[in-house]
Amino acid sequence: MKKLTVISGKGGTGKTTITSNLAALADNIVLADCDVDAPNMHILIKPEVKKDEIFKGGKLAIKDESKCIDCGICEEVCKFGAITKDFEVEALKCEGCGVCVAMCPEDALYLEEAVTGNLYYSESRFGPVVHARLKAGAENSGKLVSEVRERADKIAKEEERDLVLIDGSPGIGCPVIASLNGVDASLIVTEPTQSGISDLKRVVGVVKHFNIKAMLVINKYDLNLNKSKEIEDFCQKEDIKIMGKVPFSSIMVDALRETELVVEYKPDSELSQAINKIWENVKEFI
């Protein structure tokens with residue numbers, strides 16, 4: 001069983017679009033949507049949810065009114081401003097660190113597990129899908145990503161799947177690191193813009209730090225050929241294999257408007273052929 005995470009240094013590069021189209025070309029896979037802060041793979045994959053679980057990934061300070069003497073110590077020691085002037089706990093500000101609980105002289109505060117999101121088990125025409133949604137304002141998205149990864153890996157082993165295809169979060173933070181943990185390779189999707197190149201260099205730094213094999217796709221490469229050449233030069237310097245370049249096309253816009261996968265919407269188009277070539281190169285690489 002192989003594990004491949006598709007990532008990008010920034011949002012809007014086409015990471016999820018590329019991942020979803022690769023899913024249509026792959027065989028015997030499990031899909032994991034690890035962009036739990038803003039999941040959208042389901043829009044294109046259209047999975048049917050079979051099971052929904054509540055996820056508790058953090059803790060929240062709870063006040064016992066019967067014990068509180070309004071001494072104000074909790075407000076003084078809270079570094080997150082989560083205790084109001086009336087000594088109530090503001091849930092959205094509480095980090096669950098437990099300092100207020102430890103310092104309360106009357107044991108009027110205690111920590112309780114907080115619901116931070118939902119975890120979904122779904123079925124699609126491409127295979128099982130594990131995905132999740134973080135509750136608005138909740139922290140610890142890295143924990144939820146790790147849970148998605150763990151569940152997807154378990155399904156892949158039980159059903160003897162060949163590949164776990166992971167749609168990672170954009171950026172370089174904790175959710176990205178969690179989505180990269182233990183994978184065989186990463187596929188970085190970038191675009192030929194100054195911000196795209198800047199964020200590409202940051203995410204390559206993360207991938208190399210964890211000694212993960214890196215591949216790259218340049219999406220909409222023909223919008224700025226000079227920047228695309230700059231990306232190619234950077235990849236050559238960093239020994240990163242370029243799996244292919246996807247042209248800008250109104251066909252992609254039309255497919256996304258219809259919430260369809262372009263490799264199915266216009267399979268004979270230059271765009272679809274480019275994505276097919278990328279998948280062939282990725283399979284050979286991993």
# chains A, B, ... in the order shown; residues from 1 in each chain; ligands from 1

$ select_by_dssp --residues "region 64-281 of chain A" --states "alpha helix (DSSP H)" --output "PyMOL selection string"
chain A and resi 73-77+99-103+141-158+174-180+194-209+225-238+250-257+262-265+270-281

$ write_last_selection --atoms "C-alpha atoms" --output "PDB file, in the first residue's frame"
ATOM      1  CA  ILE A  73      -7.582  34.671  40.134  1.00  0.00           C
ATOM      2  CA  CYS A  74      -8.741  32.865  36.989  1.00  0.00           C
ATOM      3  CA  GLU A  75      -9.034  36.151  35.104  1.00  0.00           C
ATOM      4  CA  GLU A  76      -5.579  37.220  36.230  1.00  0.00           C
ATOM      5  CA  VAL A  77      -3.792  34.036  35.159  1.00  0.00           C
ATOM      6  CA  VAL A  99      -3.956  27.130  34.170  1.00  0.00           C
ATOM      7  CA  CYS A 100      -7.187  28.559  35.578  1.00  0.00           C
ATOM      8  CA  VAL A 101      -8.161  25.099  36.828  1.00  0.00           C
ATOM      9  CA  ALA A 102      -4.813  24.625  38.566  1.00  0.00           C
ATOM     10  CA  MET A 103      -4.876  28.076  40.205  1.00  0.00           C
ATOM     11  CA  SER A 141      -7.160  20.903  13.244  1.00  0.00           C
ATOM     12  CA  GLY A 142      -3.908  18.895  13.197  1.00  0.00           C
ATOM     13  CA  LYS A 143      -5.487  16.350  15.561  1.00  0.00           C
ATOM     14  CA  LEU A 144      -8.512  15.996  13.299  1.00  0.00           C
ATOM     15  CA  VAL A 145      -6.261  15.557  10.249  1.00  0.00           C
ATOM     16  CA  SER A 146      -4.337  12.832  12.094  1.00  0.00           C
ATOM     17  CA  GLU A 147      -7.624  11.083  12.854  1.00  0.00           C
ATOM     18  CA  VAL A 148      -8.670  11.233   9.191  1.00  0.00           C
ATOM     19  CA  ARG A 149      -5.291   9.795   8.181  1.00  0.00           C
ATOM     20  CA  GLU A 150      -5.492   7.002  10.753  1.00  0.00           C
ATOM     21  CA  ARG A 151      -8.996   5.979   9.697  1.00  0.00           C
ATOM     22  CA  ALA A 152      -8.109   6.051   5.977  1.00  0.00           C
ATOM     23  CA  ASP A 153      -4.994   3.929   6.549  1.00  0.00           C
ATOM     24  CA  LYS A 154      -7.027   1.418   8.539  1.00  0.00           C
ATOM     25  CA  ILE A 155      -9.619   1.062   5.770  1.00  0.00           C
ATOM     26  CA  ALA A 156      -6.889   0.673   3.151  1.00  0.00           C
ATOM     27  CA  LYS A 157      -5.292  -2.161   5.115  1.00  0.00           C
ATOM     28  CA  GLU A 158      -8.570  -3.928   5.854  1.00  0.00           C
ATOM     29  CA  CYS A 174       0.252  21.717  11.641  1.00  0.00           C
ATOM     30  CA  PRO A 175      -2.523  20.262   9.403  1.00  0.00           C
ATOM     31  CA  VAL A 176      -0.066  20.007   6.492  1.00  0.00           C
ATOM     32  CA  ILE A 177       2.543  18.268   8.639  1.00  0.00           C
ATOM     33  CA  ALA A 178      -0.108  15.845   9.915  1.00  0.00           C
ATOM     34  CA  SER A 179      -1.195  15.070   6.343  1.00  0.00           C
ATOM     35  CA  LEU A 180       2.428  14.338   5.358  1.00  0.00           C
ATOM     36  CA  GLN A 194       5.229  35.416  -7.509  1.00  0.00           C
ATOM     37  CA  SER A 195       3.196  34.357  -4.475  1.00  0.00           C
ATOM     38  CA  GLY A 196       2.988  30.817  -5.861  1.00  0.00           C
ATOM     39  CA  ILE A 197       6.778  30.583  -6.128  1.00  0.00           C
ATOM     40  CA  SER A 198       7.315  32.110  -2.677  1.00  0.00           C
ATOM     41  CA  ASP A 199       4.950  29.641  -1.008  1.00  0.00           C
ATOM     42  CA  LEU A 200       6.337  26.773  -3.087  1.00  0.00           C
ATOM     43  CA  LYS A 201       9.767  27.348  -1.582  1.00  0.00           C
ATOM     44  CA  ARG A 202       8.314  27.253   1.933  1.00  0.00           C
ATOM     45  CA  VAL A 203       6.396  24.021   1.418  1.00  0.00           C
ATOM     46  CA  VAL A 204       9.415  22.382  -0.237  1.00  0.00           C
ATOM     47  CA  GLY A 205      11.335  23.238   2.936  1.00  0.00           C
ATOM     48  CA  VAL A 206       8.750  21.357   4.996  1.00  0.00           C
ATOM     49  CA  VAL A 207       8.789  18.319   2.708  1.00  0.00           C
ATOM     50  CA  LYS A 208      12.576  18.134   2.693  1.00  0.00           C
ATOM     51  CA  HIS A 209      12.710  18.556   6.478  1.00  0.00           C
ATOM     52  CA  LEU A 225       5.847  31.249 -19.057  1.00  0.00           C
ATOM     53  CA  ASN A 226       8.680  33.199 -17.423  1.00  0.00           C
ATOM     54  CA  LYS A 227       7.476  32.261 -13.947  1.00  0.00           C
ATOM     55  CA  SER A 228       6.971  28.661 -15.065  1.00  0.00           C
ATOM     56  CA  LYS A 229      10.582  28.587 -16.219  1.00  0.00           C
ATOM     57  CA  GLU A 230      11.622  29.987 -12.836  1.00  0.00           C
ATOM     58  CA  ILE A 231       9.749  27.128 -11.136  1.00  0.00           C
ATOM     59  CA  GLU A 232      11.404  24.570 -13.409  1.00  0.00           C
ATOM     60  CA  ASP A 233      14.846  25.996 -12.624  1.00  0.00           C
ATOM     61  CA  PHE A 234      14.090  25.861  -8.905  1.00  0.00           C
ATOM     62  CA  CYS A 235      12.949  22.239  -9.172  1.00  0.00           C
ATOM     63  CA  GLN A 236      16.100  21.268 -11.036  1.00  0.00           C
ATOM     64  CA  LYS A 237      18.197  22.884  -8.334  1.00  0.00           C
ATOM     65  CA  GLU A 238      16.251  21.144  -5.540  1.00  0.00           C
ATOM     66  CA  SER A 250     -11.958  27.425 -20.094  1.00  0.00           C
ATOM     67  CA  ILE A 251     -12.885  23.736 -20.212  1.00  0.00           C
ATOM     68  CA  MET A 252     -11.790  23.452 -16.578  1.00  0.00           C
ATOM     69  CA  VAL A 253     -13.975  26.415 -15.682  1.00  0.00           C
ATOM     70  CA  ASP A 254     -16.939  24.799 -17.431  1.00  0.00           C
ATOM     71  CA  ALA A 255     -16.313  21.456 -15.703  1.00  0.00           C
ATOM     72  CA  LEU A 256     -16.060  23.061 -12.265  1.00  0.00           C
ATOM     73  CA  ARG A 257     -19.216  25.077 -12.907  1.00  0.00           C
ATOM     74  CA  VAL A 262     -12.586  17.400 -16.331  1.00  0.00           C
ATOM     75  CA  VAL A 263     -11.092  13.969 -17.181  1.00  0.00           C
ATOM     76  CA  GLU A 264     -14.679  12.714 -17.412  1.00  0.00           C
ATOM     77  CA  TYR A 265     -16.266  15.925 -18.695  1.00  0.00           C
ATOM     78  CA  GLU A 270      -5.606  18.724 -24.097  1.00  0.00           C
ATOM     79  CA  LEU A 271      -6.329  19.491 -20.456  1.00  0.00           C
ATOM     80  CA  SER A 272      -7.466  15.944 -19.665  1.00  0.00           C
ATOM     81  CA  GLN A 273      -4.551  14.464 -21.571  1.00  0.00           C
ATOM     82  CA  ALA A 274      -2.152  16.549 -19.474  1.00  0.00           C
ATOM     83  CA  ILE A 275      -3.713  15.245 -16.251  1.00  0.00           C
ATOM     84  CA  ASN A 276      -3.617  11.684 -17.564  1.00  0.00           C
ATOM     85  CA  LYS A 277       0.085  12.099 -18.298  1.00  0.00           C
ATOM     86  CA  ILE A 278       0.662  13.432 -14.786  1.00  0.00           C
ATOM     87  CA  TRP A 279      -1.015  10.356 -13.297  1.00  0.00           C
ATOM     88  CA  GLU A 280       1.110   8.018 -15.406  1.00  0.00           C
ATOM     89  CA  ASN A 281       4.258   9.819 -14.219  1.00  0.00           C
TER      90      ASN A 281
END

$ residues_around --residues "Glu112 (chain A)" --least-positions-apart "3" --cutoff "12 Å" --atoms "only C-alpha atoms" --output "ChimeraX atom specification"
/A:56-64,91,94-98,101,109,115

$ select_by_dssp --residues "region 41-232 of chain A" --states "strand (DSSP E)" --output "number ranges by chain"
A: 48-63, 109-124, 127-134, 163-170, 185-190, 213-219

$ residues_around --residues "Ser20 (chain A)" --least-positions-apart "2" --cutoff "10 Å" --atoms "only C-alpha atoms" --output "list in words"
Lys15, Thr16, Thr17, Ile18, Leu22, Ala23, Ala24, Leu25, Leu31, Met41, His42, Ile43, Leu44, Ile45, Phe126, Leu165, Ile166, Asp167, Glu260, Leu261, Val262 and Val263 of chain A

$ closest_residue --among "A:Thr259, A:Phe248, A:Ser269, A:Glu123" --to "Glu48 (chain A)" --atoms "only C-alpha atoms"
A:Glu123

$ atom_distance --atom1 "CA of Val30 (chain A)" --atom2 "CA of Val130 (chain A)"
7.9 Å

$ atom_distance --atom1 "CA of Ile212 (chain A)" --atom2 "CA of Asp184 (chain A)"
6.8 Å

$ residues_around --residues "region 36-39 of chain A" --least-positions-apart "5" --cutoff "6 Å" --atoms "only C-alpha atoms" --output "short mmCIF file (atom, residue, chain, number, x, y, z; two decimals) with C-alpha atoms, in the first residue's frame"
data_model
loop_
_atom_site.label_atom_id
_atom_site.label_comp_id
_atom_site.auth_asym_id
_atom_site.auth_seq_id
_atom_site.Cartn_x
_atom_site.Cartn_y
_atom_site.Cartn_z
CA ALA A 132 -14.01 15.78 8.19
CA ARG A 133 -15.08 19.31 9.00
CA LEU A 134 -13.60 21.38 11.80
#

$ atom_distance --atom1 "CA of Asp35 (chain A)" --atom2 "CA of Ile7 (chain A)"
9.8 Å

$ closest_residue --among "A:Glu284, A:Asp222, A:Glu159, A:Asp268" --to "Lys241 (chain A)" --atoms "only C-alpha atoms"
A:Glu284

$ residues_around --residues "Lys245 (chain A)" --least-positions-apart "5" --cutoff "7 Å" --atoms "only C-alpha atoms" --output "ChimeraX atom specification"
/A:217-219,221,274
